[in-house]
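For reference, target-v8.cif is printed below; it contains mmCIF, C-alpha atoms.
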data_final
loop_
_atom_site.label_atom_id
_atom_site.label_comp_id
_atom_site.auth_asym_id
_atom_site.auth_seq_id
_atom_site.Cartn_x
_atom_site.Cartn_y
_atom_site.Cartn_z
CA MET I 1 0.00 0.00 0.00
CA LYS I 2 2.84 2.40 0.90
CA LYS I 3 4.61 1.59 -2.37
CA GLN I 4 1.42 2.33 -4.30
CA MET I 5 1.03 5.71 -2.56
CA MET I 6 4.64 6.50 -3.30
CA ARG I 7 4.05 5.75 -6.98
CA GLN I 8 0.92 7.97 -7.01
CA LEU I 9 2.61 10.97 -5.34
CA PRO I 10 4.66 12.07 -8.36
CA MET I 11 1.52 11.90 -10.51
CA LYS I 12 -0.28 14.27 -8.11
CA GLN I 13 2.63 16.65 -8.19
CA LEU I 14 2.64 16.51 -11.98
CA PHE I 15 -1.08 17.28 -12.05
CA LYS I 16 -0.61 20.27 -9.73
CA LYS I 17 2.24 21.51 -11.90
CA GLN I 18 0.12 21.22 -15.02
CA MET I 19 -2.73 23.10 -13.32
CA LEU I 20 -0.33 25.82 -12.22
CA LEU I 21 1.00 26.19 -15.75
CA ALA I 22 -2.53 26.36 -17.11
CA LEU I 23 -3.50 29.07 -14.61
CA THR I 24 -0.33 31.00 -15.43
CA SER I 25 -1.16 30.82 -19.13
CA LEU I 26 -4.69 32.05 -18.48
CA MET I 27 -3.33 34.95 -16.42
CA ALA I 28 -0.90 35.83 -19.19
CA LEU I 29 -3.71 35.77 -21.72
CA SER I 30 -5.83 37.99 -19.47
CA VAL I 31 -3.24 40.79 -19.55
CA GLN I 32 -2.56 40.54 -23.25
CA ALA I 33 -3.73 43.53 -25.21
CA GLN I 34 -7.32 43.40 -26.41
CA THR I 35 -6.31 45.33 -29.54
CA THR I 36 -2.91 46.20 -31.00
CA PHE I 37 -2.07 48.31 -34.02
CA ASN I 38 0.63 50.53 -35.45
CA VAL I 39 0.16 54.25 -36.04
CA THR I 40 2.24 56.03 -38.68
CA VAL I 41 2.62 59.77 -38.14
CA SER I 42 4.21 62.01 -40.78
CA ASN I 43 5.18 65.65 -40.72
CA PRO I 44 4.80 67.16 -44.22
CA SER I 45 6.16 70.51 -43.06
CA LYS I 46 9.64 71.91 -43.42
CA SER I 47 9.44 72.89 -39.75
CA ALA I 48 9.78 70.57 -36.76
CA LYS I 49 6.70 69.86 -34.66
CA THR I 50 6.82 69.40 -30.88
CA ASP I 51 4.07 68.00 -28.64
CA GLU I 52 1.84 67.55 -31.67
CA PRO I 53 -1.37 65.77 -30.59
CA VAL I 54 -2.53 62.49 -32.07
CA VAL I 55 -6.13 61.67 -31.12
CA LEU I 56 -7.67 58.33 -32.03
CA ASP I 57 -11.29 57.20 -31.80
CA ILE I 58 -11.26 53.94 -29.79
CA SER I 59 -15.00 53.71 -29.12
CA LYS I 60 -15.39 50.57 -31.25
CA TYR I 61 -12.79 48.60 -29.30
CA GLY I 62 -14.88 47.98 -26.19
CA ASP I 63 -14.47 49.13 -22.62
CA ILE I 64 -10.81 50.14 -22.75
CA GLN I 65 -9.24 50.67 -19.33
CA ARG I 66 -5.56 50.94 -20.19
CA ALA I 67 -3.42 51.94 -23.16
CA VAL I 68 0.30 51.60 -23.81
CA VAL I 69 1.95 53.59 -26.62
CA THR I 70 5.56 52.96 -27.60
CA VAL I 71 7.96 54.40 -30.17
CA ASP I 72 11.30 52.75 -30.92
CA GLY I 73 10.53 50.30 -28.11
CA LYS I 74 10.09 53.02 -25.47
CA GLU I 75 6.82 53.84 -23.78
CA ILE I 76 5.56 57.43 -24.05
CA PRO I 77 2.75 59.11 -22.06
CA SER I 78 -0.78 58.59 -23.31
CA GLN I 79 -4.25 59.56 -22.12
CA LEU I 80 -7.65 57.88 -22.26
CA ASP I 81 -10.72 60.12 -22.27
CA ASP I 82 -14.46 59.62 -21.92
CA THR I 83 -15.47 62.62 -24.02
CA ASN I 84 -19.21 61.89 -24.16
CA ARG I 85 -19.47 61.14 -20.41
CA ASP I 86 -20.96 57.66 -20.74
CA CYS I 87 -18.31 56.15 -18.42
CA THR I 88 -16.51 54.41 -21.30
CA ASN I 89 -13.25 55.73 -22.71
CA ASP I 90 -13.74 56.69 -26.35
CA GLU I 91 -10.54 58.56 -27.29
CA LEU I 92 -6.81 57.93 -26.97
CA CYS I 93 -4.42 60.87 -27.04
CA PHE I 94 -0.63 60.98 -27.21
CA LEU I 95 1.86 63.66 -28.24
CA VAL I 96 4.58 63.30 -30.88
CA ASP I 97 7.81 65.12 -31.71
CA LEU I 98 8.73 65.13 -35.38
CA GLY I 99 11.54 66.78 -37.28
CA LYS I 100 10.90 68.41 -40.63
CA LYS I 101 9.58 65.90 -43.19
CA GLU I 102 9.98 63.13 -40.61
CA THR I 103 7.84 60.00 -40.23
CA LYS I 104 7.61 57.80 -37.13
CA ASP I 105 5.77 54.59 -36.29
CA TYR I 106 4.01 54.19 -32.94
CA HIS I 107 2.76 50.92 -31.47
CA VAL I 108 -0.55 51.03 -29.57
CA GLN I 109 -1.87 48.39 -27.17
CA LEU I 110 -5.39 48.63 -25.74
CA PHE I 111 -6.47 46.64 -22.69
CA THR I 112 -9.93 46.01 -21.26
CA GLU I 113 -8.42 45.30 -17.83
CA GLY I 114 -6.02 47.15 -15.61
CA ARG I 115 -5.45 50.81 -14.89
CA GLN I 116 -3.87 53.55 -16.99
CA ALA I 117 -0.31 54.34 -15.92
CA GLU I 118 0.28 57.65 -14.18
CA TYR I 119 2.36 60.15 -16.14
CA PRO I 120 3.60 63.60 -15.12
CA ALA I 121 0.73 66.13 -15.22
CA ARG I 122 1.23 68.76 -17.90
CA THR I 123 -2.36 70.07 -18.06
CA PHE I 124 -5.10 70.67 -15.50
CA ALA I 125 -8.73 71.77 -15.23
CA GLU I 126 -10.86 72.76 -12.27
CA LEU I 127 -14.45 73.71 -11.47
CA CYS I 128 -14.90 74.74 -7.87
CA LEU I 129 -17.46 76.23 -5.48
CA PRO I 130 -16.64 78.40 -2.46
CA SER I 131 -16.23 76.33 0.69
CA LYS I 132 -18.65 76.52 3.60
CA ASN I 133 -15.56 76.95 5.75
CA LYS I 134 -15.20 80.73 5.62
CA LYS I 135 -11.78 80.53 7.26
CA LEU I 136 -10.20 79.00 4.17
CA ALA I 137 -8.04 81.27 2.04
CA LYS I 138 -9.27 82.33 -1.38
CA ASN I 139 -6.87 79.87 -3.02
CA LYS I 140 -7.87 76.97 -0.75
CA GLN I 141 -11.52 76.39 -1.65
CA ASP I 142 -12.37 72.68 -1.52
CA ILE I 143 -15.70 71.89 -3.20
CA TYR I 144 -14.65 70.37 -6.54
CA LEU I 145 -17.22 69.64 -9.26
CA ARG I 146 -17.32 67.85 -12.59
CA SER I 147 -20.30 69.90 -13.77
CA ILE I 148 -22.82 72.46 -12.63
CA SER I 149 -25.82 74.08 -14.33
CA PHE I 150 -28.06 77.02 -13.47
CA ASP I 151 -31.56 77.97 -14.50
CA LYS I 152 -31.95 81.49 -15.87
CA LYS I 153 -33.91 82.40 -12.71
CA THR I 154 -30.66 82.17 -10.72
CA LYS I 155 -29.23 85.59 -9.97
CA ASP I 156 -25.52 86.41 -9.94
CA VAL I 157 -24.12 83.03 -11.00
CA TYR I 158 -20.83 84.85 -11.55
CA HIS I 159 -20.18 85.08 -7.78
CA TYR I 160 -21.61 81.65 -6.95
CA VAL I 161 -18.84 79.72 -8.74
CA HIS I 162 -15.33 80.14 -7.36
CA SER I 163 -12.88 81.75 -9.79
CA HIS I 164 -16.10 82.94 -11.53
CA GLY I 165 -16.03 79.88 -13.80
CA VAL I 166 -14.23 76.79 -15.00
CA CYS I 167 -10.41 77.01 -15.27
CA PHE I 168 -7.99 75.08 -17.50
CA GLU I 169 -4.29 75.26 -18.31
CA SER I 170 -1.11 73.87 -19.82
CA GLU I 171 2.38 74.54 -18.47
CA LEU I 172 2.49 77.74 -20.57
CA ILE I 173 -0.90 79.42 -20.14
CA ALA I 174 -4.02 79.34 -17.95
CA MET I 175 -7.57 80.57 -18.55
CA ARG I 176 -10.99 80.76 -16.96
CA VAL I 177 -14.39 81.09 -18.64
CA TYR I 178 -16.80 83.39 -16.84
CA PHE I 179 -20.06 81.76 -15.80
CA ASP I 180 -22.44 84.58 -16.73
CA ASN I 181 -23.99 86.21 -19.78
CA ARG I 182 -20.52 87.17 -21.11
CA GLN I 183 -18.79 83.79 -20.99
CA THR I 184 -15.57 85.72 -21.53
CA VAL I 185 -12.24 83.90 -21.62
CA ASP I 186 -10.01 85.59 -19.02
CA LEU I 187 -6.25 85.09 -18.77
CA TYR I 188 -3.61 84.30 -16.15
CA GLY I 189 -0.07 85.52 -16.64
CA LYS I 190 2.54 82.92 -15.74
CA ILE I 191 6.16 83.74 -15.01
CA ASN I 192 7.68 80.26 -15.09
CA LYS I 193 6.50 77.14 -16.91
CA GLY I 194 4.34 74.93 -14.73
CA LEU I 195 0.81 74.29 -13.48
CA VAL I 196 -0.63 76.90 -11.11
CA ILE I 197 -4.43 76.61 -11.06
CA TYR I 198 -4.73 73.94 -8.36
CA ASP I 199 -2.47 75.94 -6.03
CA THR I 200 -3.76 79.46 -6.77
CA GLN I 201 -7.33 78.97 -8.03
CA PHE I 202 -6.69 82.17 -10.05
CA TYR I 203 -6.15 84.05 -6.75
CA PRO I 204 -2.46 83.75 -5.80
CA SER I 205 -1.47 84.76 -2.29
CA ASP I 206 1.15 87.44 -1.73
CA GLU I 207 3.61 84.67 -0.93
CA GLN I 208 2.81 82.87 -4.17
CA ILE I 209 3.21 86.05 -6.19
CA THR I 210 6.61 86.60 -4.57
CA ALA I 211 7.50 82.98 -5.37
CA GLY I 212 6.79 83.52 -9.08
CA TYR I 213 3.34 81.95 -9.50
CA GLY I 214 2.12 84.85 -11.65
CA ASP I 215 -1.31 86.50 -11.49
CA ASP I 216 -4.38 87.65 -13.44
CA CYS I 217 -3.11 89.62 -16.45
CA LEU I 218 -6.14 90.90 -18.37
CA TRP I 219 -9.14 93.15 -17.75
CA VAL I 220 -12.01 92.04 -19.99
CA GLY I 221 -15.23 93.85 -19.05
CA ASN I 222 -17.94 93.02 -21.61
CA THR I 223 -15.44 92.39 -24.40
CA TYR I 224 -14.54 89.04 -25.97
CA GLY I 225 -11.44 88.82 -23.81
CA LEU I 226 -9.67 86.09 -25.72
CA GLY I 227 -12.08 84.69 -28.30
CA ALA I 228 -15.40 84.33 -26.49
CA LEU I 229 -18.27 83.29 -28.77
CA ARG I 230 -21.16 85.75 -29.03
CA GLY I 231 -24.32 86.31 -31.04
CA TRP I 232 -24.31 88.71 -34.03
CA ASP I 233 -27.19 90.91 -35.19
CA GLY I 234 -25.50 92.17 -38.33
CA LYS I 235 -23.94 95.20 -36.62
CA SER I 236 -22.93 94.28 -33.08
CA GLN I 237 -21.98 91.33 -30.93
CA LEU I 238 -24.62 90.17 -28.45
CA LEU I 239 -24.17 88.67 -24.98
CA PHE I 240 -25.88 85.48 -23.80
CA ASN I 241 -28.93 87.31 -22.49
CA ASP I 242 -31.56 84.90 -23.83
CA VAL I 243 -30.64 81.39 -22.64
CA LYS I 244 -32.84 78.85 -20.85
CA TYR I 245 -30.01 77.37 -18.84
CA GLN I 246 -26.23 77.28 -18.80
CA GLU I 247 -23.82 74.58 -17.72
CA GLN I 248 -20.06 74.26 -17.26
CA ARG I 249 -18.21 70.97 -16.94
CA VAL I 250 -14.80 69.39 -16.80
CA ILE I 251 -14.39 66.55 -19.28
CA SER I 252 -10.71 65.83 -18.67
CA GLU I 253 -7.90 67.25 -16.53
CA GLY I 254 -4.83 65.64 -18.08
CA PRO I 255 -2.04 64.67 -18.02
CA LEU I 256 -1.69 65.49 -21.75
CA ARG I 257 -4.79 67.53 -22.46
CA ALA I 258 -7.48 69.33 -20.53
CA ILE I 259 -11.01 69.56 -21.90
CA VAL I 260 -13.78 71.77 -20.51
CA GLU I 261 -17.20 72.59 -21.88
CA VAL I 262 -19.66 75.47 -21.66
CA VAL I 263 -23.25 74.59 -22.55
CA ASP I 264 -25.94 77.09 -23.56
CA ASN I 265 -29.32 75.45 -24.07
CA GLY I 266 -32.26 77.32 -25.52
CA TRP I 267 -29.98 80.15 -26.68
CA VAL I 268 -31.42 82.82 -28.98
CA PRO I 269 -28.22 84.28 -30.49
CA ALA I 270 -29.99 87.30 -32.03
CA PRO I 271 -33.54 88.66 -32.24
CA GLY I 272 -35.69 86.82 -34.77
CA LEU I 273 -33.66 83.60 -34.67
CA LYS I 274 -34.96 80.29 -33.36
CA PRO I 275 -33.26 78.91 -30.24
CA VAL I 276 -30.29 76.56 -30.54
CA ASN I 277 -28.40 74.45 -28.05
CA ALA I 278 -24.66 75.10 -28.17
CA THR I 279 -21.85 73.14 -26.52
CA ILE I 280 -18.58 75.08 -26.58
CA ARG I 281 -15.59 72.80 -25.97
CA TYR I 282 -12.17 74.17 -25.06
CA THR I 283 -9.20 71.80 -25.43
CA ILE I 284 -5.61 72.58 -24.50
CA TYR I 285 -2.65 70.24 -25.03
CA ALA I 286 0.55 69.97 -23.01
CA GLY I 287 3.36 72.16 -24.27
CA HIS I 288 0.94 74.52 -26.07
CA ARG I 289 0.13 78.21 -25.68
CA ASP I 290 -2.77 77.80 -28.10
CA PHE I 291 -6.05 75.96 -27.57
CA ASP I 292 -8.99 74.73 -29.64
CA VAL I 293 -12.55 76.02 -29.58
CA ASP I 294 -15.04 73.53 -31.00
CA VAL I 295 -18.73 74.41 -30.98
CA THR I 296 -21.44 71.81 -31.57
CA PHE I 297 -25.04 72.86 -32.15
CA ASN I 298 -28.06 70.60 -31.82
CA LYS I 299 -29.10 71.32 -35.41
CA ASP I 300 -27.83 72.74 -38.68
CA ALA I 301 -26.79 76.30 -37.93
CA SER I 302 -25.23 77.15 -41.29
CA ASP I 303 -27.57 80.11 -41.75
CA TYR I 304 -26.70 81.61 -38.36
CA ARG I 305 -23.96 84.18 -37.89
CA PHE I 306 -21.89 84.54 -34.76
CA ALA I 307 -19.15 86.84 -33.52
CA THR I 308 -15.84 86.22 -31.81
CA GLY I 309 -12.56 88.08 -31.61
CA LEU I 310 -10.13 89.84 -29.27
CA ILE I 311 -10.38 92.59 -26.71
CA LYS I 312 -8.76 95.77 -27.94
CA VAL I 313 -6.20 96.09 -25.18
CA LYS I 314 -5.52 99.74 -24.38
CA GLY I 315 -2.98 101.23 -26.75
CA SER I 316 -2.60 97.95 -28.57
CA SER I 317 -1.17 97.49 -32.02
CA GLU I 318 -2.92 95.13 -34.41
CA TYR I 319 -1.87 92.49 -36.90
CA ALA I 320 -4.32 90.89 -39.35
CA ASP I 321 -3.90 89.08 -42.64
CA GLY I 322 -7.57 89.38 -43.65
CA LYS I 323 -7.73 85.60 -44.00
CA GLY I 324 -8.65 84.50 -40.50
CA LEU I 325 -5.53 85.38 -38.53
CA ARG I 326 -5.68 88.37 -36.20
CA GLY I 327 -3.65 89.53 -33.22
CA CYS I 328 -2.95 92.44 -30.95
CA TYR I 329 -0.30 93.51 -28.44
CA GLY I 330 -0.77 96.06 -25.68
CA SER I 331 -0.84 96.90 -21.96
CA ASP I 332 -3.53 97.50 -19.35
CA TRP I 333 -4.24 97.08 -15.65
CA PRO I 334 -5.83 93.64 -14.97
CA THR I 335 -8.50 95.34 -12.86
CA GLY I 336 -9.16 98.05 -15.46
CA LYS I 337 -7.40 100.71 -13.40
CA ASP I 338 -4.42 101.20 -11.12
CA ASP I 339 -5.70 99.71 -7.84
CA GLY I 340 -2.38 99.99 -6.05
CA LYS I 341 -2.03 96.20 -5.86
CA HIS I 342 -1.72 94.90 -9.41
CA LYS I 343 0.91 96.00 -11.89
CA LEU I 344 0.43 97.06 -15.49
CA GLU I 345 0.37 93.92 -17.66
CA THR I 346 1.42 93.53 -21.29
CA VAL I 347 -0.17 90.77 -23.36
CA GLY I 348 -0.23 89.51 -26.92
CA LEU I 349 -3.46 87.89 -28.15
CA GLY I 350 -4.21 85.82 -31.26
CA ILE I 351 -7.14 84.18 -33.03
CA TYR I 352 -7.20 81.88 -36.04
CA VAL I 353 -10.46 81.27 -37.89
CA PRO I 354 -10.42 78.86 -40.85
CA GLN I 355 -11.38 80.69 -44.02
CA ALA I 356 -14.38 78.39 -44.51
CA ALA I 357 -15.80 79.75 -41.24
CA LEU I 358 -14.83 83.40 -41.72
CA VAL I 359 -17.61 85.74 -42.90
CA SER I 360 -15.90 89.07 -42.34
CA GLN I 361 -13.14 90.83 -40.46
CA GLU I 362 -14.79 93.85 -38.88
CA PRO I 363 -12.92 97.12 -38.30
CA ALA I 364 -11.72 97.57 -34.73
CA ASN I 365 -13.87 99.69 -32.42
CA LYS I 366 -12.91 101.07 -29.01
CA ASP I 367 -13.43 97.69 -27.32
CA ASP I 368 -12.85 94.79 -29.71
CA TYR I 369 -11.40 93.27 -32.86
CA THR I 370 -14.37 91.32 -34.26
CA GLN I 371 -14.45 88.31 -36.58
CA VAL I 372 -17.89 87.33 -37.87
CA VAL I 373 -18.10 83.56 -38.28
CA LYS I 374 -20.45 80.88 -39.54
CA PRO I 375 -20.83 77.17 -38.79
CA THR I 376 -20.68 74.39 -41.33
CA GLY I 377 -23.69 72.24 -40.57
CA ASN I 378 -23.78 72.00 -36.78
CA LYS I 379 -20.03 72.61 -36.25
CA LEU I 380 -17.86 75.68 -35.76
CA SER I 381 -14.16 75.62 -34.86
CA TYR I 382 -11.40 78.16 -34.34
CA LYS I 383 -8.19 78.51 -32.31
CA LEU I 384 -6.88 80.97 -29.73
CA ALA I 385 -3.47 81.83 -28.27
CA TYR I 386 -1.81 84.39 -26.02
CA THR I 387 1.38 85.43 -24.31
CA CYS I 388 2.11 87.57 -21.26
CA ALA I 389 5.24 89.70 -21.10
CA ASP I 390 5.98 88.32 -17.60
CA GLU I 391 6.89 84.93 -19.08
CA THR I 392 10.53 83.92 -18.75
CA TYR I 393 9.93 81.68 -21.78
CA GLY I 394 7.96 84.14 -23.94
CA PHE I 395 8.61 86.89 -26.47
CA LYS I 396 10.60 90.13 -26.40
CA GLY I 397 7.89 92.27 -27.93
CA GLU I 398 5.13 92.64 -30.49
CA LYS I 399 7.39 91.90 -33.46
CA GLU I 400 8.28 88.46 -32.13
CA TRP I 401 4.66 87.84 -31.13
CA TYR I 402 3.31 88.64 -34.58
CA GLN I 403 5.95 86.44 -36.18
CA TRP I 404 4.86 83.60 -33.88
CA LEU I 405 1.26 84.12 -34.99
CA LYS I 406 2.28 83.80 -38.64
CA ASP I 407 4.24 80.63 -37.93
CA TRP I 408 1.32 79.33 -35.86
CA LYS I 409 -1.10 79.69 -38.75
CA LYS I 410 1.35 78.04 -41.13
CA GLY I 411 1.70 75.10 -38.77
CA ILE I 412 -2.07 74.75 -38.41
CA GLU I 413 -2.50 74.62 -42.18
CA GLU I 414 0.24 71.98 -42.51
CA PRO I 415 -1.11 69.33 -40.11
CA ILE I 416 0.56 66.01 -39.40
CA LYS I 417 -0.75 62.97 -41.27
CA VAL I 418 -1.91 60.01 -39.21
CA SER I 419 -2.67 56.50 -40.46
CA TYR I 420 -3.06 53.18 -38.68
CA VAL I 421 -3.80 49.56 -39.47
CA ILE I 422 -5.44 47.21 -36.98
CA LYS I 423 -3.71 43.85 -36.70
#

Rewrite the structure from the file as structure tokens, please.
Amino acid sequence: MKKQMMRQLPMKQLFKKQMLLALTSLMALSVQAQTTFNVTVSNPSKSAKTDEPVVLDISKYGDIQRAVVTVDGKEIPSQLDDTNRDCTNDELCFLVDLGKKETKDYHVQLFTEGRQAEYPARTFAELCLPSKNKKLAKNKQDIYLRSISFDKKTKDVYHYVHSHGVCFESELIAMRVYFDNRQTVDLYGKINKGLVIYDTQFYPSDEQITAGYGDDCLWVGNTYGLGALRGWDGKSQLLFNDVKYQEQRVISEGPLRAIVEVVDNGWVPAPGLKPVNATIRYTIYAGHRDFDVDVTFNKDASDYRFATGLIKVKGSSEYADGKGLRGCYGSDWPTGKDDGKHKLETVGLGIYVPQAALVSQEPANKDDYTQVVKPTGNKLSYKLAYTCADETYGFKGEKEWYQWLKDWKKGIEEPIKVSYVIK
């Protein structure tokens, strides 16, 4: 009997070993990529491109939880986003560096299990309410939101939301969008590259200002600020005075791009027009001082006309090519006057409207440089950029700023080419 048991023991061990190998194989299979493919990215331009975004629609690949992107065998940062807020990631973003006329191949792996790796944050977005704790400093408010909406019966929404609206930034620039009938894009002047919104909430302390965090750098009033969308009645821009309800939301914080949205439902852009619902999406990518404005309407709005543009900063010079590119450079107090606290700030602003969307370039008035624009179908897109003279990484004056604007437009109109094949 003992001999028989001794003969059976190795067989049991062999069975256990086989089971262990089978389980190991199943575990290995479970972490294998659900989908793999190569992405070829080419730069047709004679100028190098840095931190150029590649955005892929991955909605058809299932519930993707993790992505790995490599080039030349080395992993690079990537970002998964749920852009339609259905709790399933539908876009993959990564940034590429390409020399002039250069082509690179990137390998993408998509997984339905696991967690996305953490990469250094290069963008950020925040929507915040004032805390009930009145002892907290103005840059320490702690009620963080993903979205908030107000009925038109609500009075003074502007002071209800901290920072007066949603904020977003890259290492180079930071903005906020006012939550009121202006929806103006206001600007923060950085001194050094880096993220500042989480720490300052657009209200740096004296210690932070001394430490080089920067500060608010633009007074906007009822102007466009930097590229706010407005209604147009054929002669003048119109504020958002006839809207059923407004919403602001954070779609993504980073690490490679921040996406925020401003929603205006039941908006009558000008007298005599039927209401439309408009979702204005702002997207900024890491390493960029420009950002995208993409407006989606709930119906064909091709026959509607809208206005956007730049504030006419006091004493500013202007550059315009008459084909969608416009800029200015000037100085003003960020509170509209010398308040004894803030210093005079110098900024350069820029807007690029594709010619297909440009209706007219209006002459400057005392407040604004206006571009009249039109959607194609239910879409309207344009781009914005700015610089602040406080930047240690910026420009020496208006001449350099206007040259950057020209190069910026050229780069936009020579986009990278992206192709991929699913294995």

Self-check item: Atom pair atom CA of Asp407 of chain I / atom CA of Gly327 of chain I: separation (Å)
Solution: 12.8 Å

Once you count all atoms listed in the file, what closest atom pair and distance in Å to one decimal does each residue of segment 296-341 of chain I within 12 Å of segment 177-194 of chain I have, with rows by chain and rising residue number, as CSV?
residue,atom,partner,partner_atom,distance
I:Thr308,CA,I:Thr184,CA,10.3
I:Gly309,CA,I:Thr184,CA,10.8
I:Leu310,CA,I:Val185,CA,9.9
I:Ile311,CA,I:Thr184,CA,10.0
I:Pro334,CA,I:Leu187,CA,9.4
I:Thr335,CA,I:Asp186,CA,11.6

Practice problem: Give as JSON, numbers by chain each residue that has an atom at most 6 Å from (-7.2, 80.2, -2.8) in the file, counting only C-alpha atoms. | Solution: {"I": [137, 138, 139, 140, 141, 200, 201, 203]}

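Counting from atom CA of Cys167 of chain I, the distance to atom CA of Gly221 of chain I is 17.9 Å.
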
Quiz item: Once the PyMOL selection byres ((chain I and resi 98) around 12) has been applied to the shown file, what residues remain in the selection, as a list in words?
Solution: Thr40, Val41, Ser42, Asn43, Pro44, Ser45, Lys46, Ser47, Ala48, Lys49, Thr50, Asp51, Glu52, Pro53, Val71, Leu95, Val96, Asp97, Gly99, Lys100, Lys101, Glu102, Thr103, Lys104, Asp105, Pro415, Ile416 and Lys417 of chain I

Give me a file of those residues, with C-alpha atoms, as an mmCIF file, in the frame of the given file.
data_model
loop_
_atom_site.group_PDB
_atom_site.id
_atom_site.type_symbol
_atom_site.label_atom_id
_atom_site.label_comp_id
_atom_site.auth_asym_id
_atom_site.auth_seq_id
_atom_site.Cartn_x
_atom_site.Cartn_y
_atom_site.Cartn_z
ATOM 1 C CA THR I 40 2.240 56.030 -38.680
ATOM 2 C CA VAL I 41 2.620 59.770 -38.140
ATOM 3 C CA SER I 42 4.210 62.010 -40.780
ATOM 4 C CA ASN I 43 5.180 65.650 -40.720
ATOM 5 C CA PRO I 44 4.800 67.160 -44.220
ATOM 6 C CA SER I 45 6.160 70.510 -43.060
ATOM 7 C CA LYS I 46 9.640 71.910 -43.420
ATOM 8 C CA SER I 47 9.440 72.890 -39.750
ATOM 9 C CA ALA I 48 9.780 70.570 -36.760
ATOM 10 C CA LYS I 49 6.700 69.860 -34.660
ATOM 11 C CA THR I 50 6.820 69.400 -30.880
ATOM 12 C CA ASP I 51 4.070 68.000 -28.640
ATOM 13 C CA GLU I 52 1.840 67.550 -31.670
ATOM 14 C CA PRO I 53 -1.370 65.770 -30.590
ATOM 15 C CA VAL I 71 7.960 54.400 -30.170
ATOM 16 C CA LEU I 95 1.860 63.660 -28.240
ATOM 17 C CA VAL I 96 4.580 63.300 -30.880
ATOM 18 C CA ASP I 97 7.810 65.120 -31.710
ATOM 19 C CA GLY I 99 11.540 66.780 -37.280
ATOM 20 C CA LYS I 100 10.900 68.410 -40.630
ATOM 21 C CA LYS I 101 9.580 65.900 -43.190
ATOM 22 C CA GLU I 102 9.980 63.130 -40.610
ATOM 23 C CA THR I 103 7.840 60.000 -40.230
ATOM 24 C CA LYS I 104 7.610 57.800 -37.130
ATOM 25 C CA ASP I 105 5.770 54.590 -36.290
ATOM 26 C CA PRO I 415 -1.110 69.330 -40.110
ATOM 27 C CA ILE I 416 0.560 66.010 -39.400
ATOM 28 C CA LYS I 417 -0.750 62.970 -41.270
#

Exercise. Go through I:Glu414, I:Glu113, I:Asp300, I:Asp233 and flag the residue nearest Gly272 of chain I, using only C-alpha atoms for the distances.
Key: I:Asp233

Practice problem: Report the distance between atom CA of Gln237 of chain I and atom CA of Lys374 of chain I in Å, rounded to one decimal place. | Solution: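 Those two atoms sit 13.6 Å apart.
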
Quiz prompt | Shortest interatomic distance to Asp151 of chain I - which of I:Val250, I:Ile64, I:Val243, I:Ala356, counting all atoms listed in the file | solution =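 For Asp151 of chain I, the nearest of the candidates is I:Val243.
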
Self-check item: Among listed residues I:Leu56, I:Val359, I:Val161, I:Ala125, nearest Glu91 of chain I (using only C-alpha atoms)
Solution: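 Closest to Glu91 of chain I of all the choices is I:Leu56.
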
Exercise. Measuring atom to atom with only C-alpha atoms, identify which of I:Phe37, I:Tyr245, I:Trp408, I:Tyr304 is nearest to Pro269 of chain I.
Key: I:Tyr304

Practice problem: Enumerate, as an NGL selection string, the residues matched when the PyMOL selection byres ((chain I and resi 405) around 9) is run on the file above. | Solution: :I and (325-327 or 350-352 or 385 or 400-404 or 406-410)

Quiz prompt | Pick from I:Lys235, I:Val263, I:Cys388, I:Gly336, whichever lies nearest to Gln371 of chain I using all atoms listed in the file | solution =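 Of I:Lys235, I:Val263, I:Cys388, I:Gly336, the one nearest Gln371 of chain I, counting all atoms listed in the file, is I:Lys235.
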
Self-check item: Output check: residues returned by the PyMOL selection byres ((chain I and resi 259) around 8), as a PyMOL selection string
Solution: chain I and resi 125+168+250-253+257-258+260-261+281-284

Quiz item: Excluding same-chain residues fewer than 4 positions from Lys153 of chain I, what lies within 12 Å of it counting all atoms listed in the file, as a ChimeraX atom specification?
Solution: /I:149,157,242-246

Quiz prompt | Spatial neighbours of Tyr386 of chain I, 7 Å, all atoms listed in the file, chain gap at least 5 places, as a PyMOL selection string | solution = chain I and resi 289-290+348-350

Could you put an axis-aligned box around every listed atom of segment 222-234 of chain I, padded by 5 Å on each side, and send me its centre and edge lengths in Å to one decimal, as lines of an AutoDock Vina configuration file?
center_x = -18.4
center_y = 88.2
center_z = -30.0
size_x = 27.5
size_y = 19.7
size_z = 26.7

Quiz item: At most 12 Å from (13.1, 49.0, -29.3), file frame, only C-alpha atoms: which residues, as a PyMOL selection string?
Solution: chain I and resi 70-75+105-107
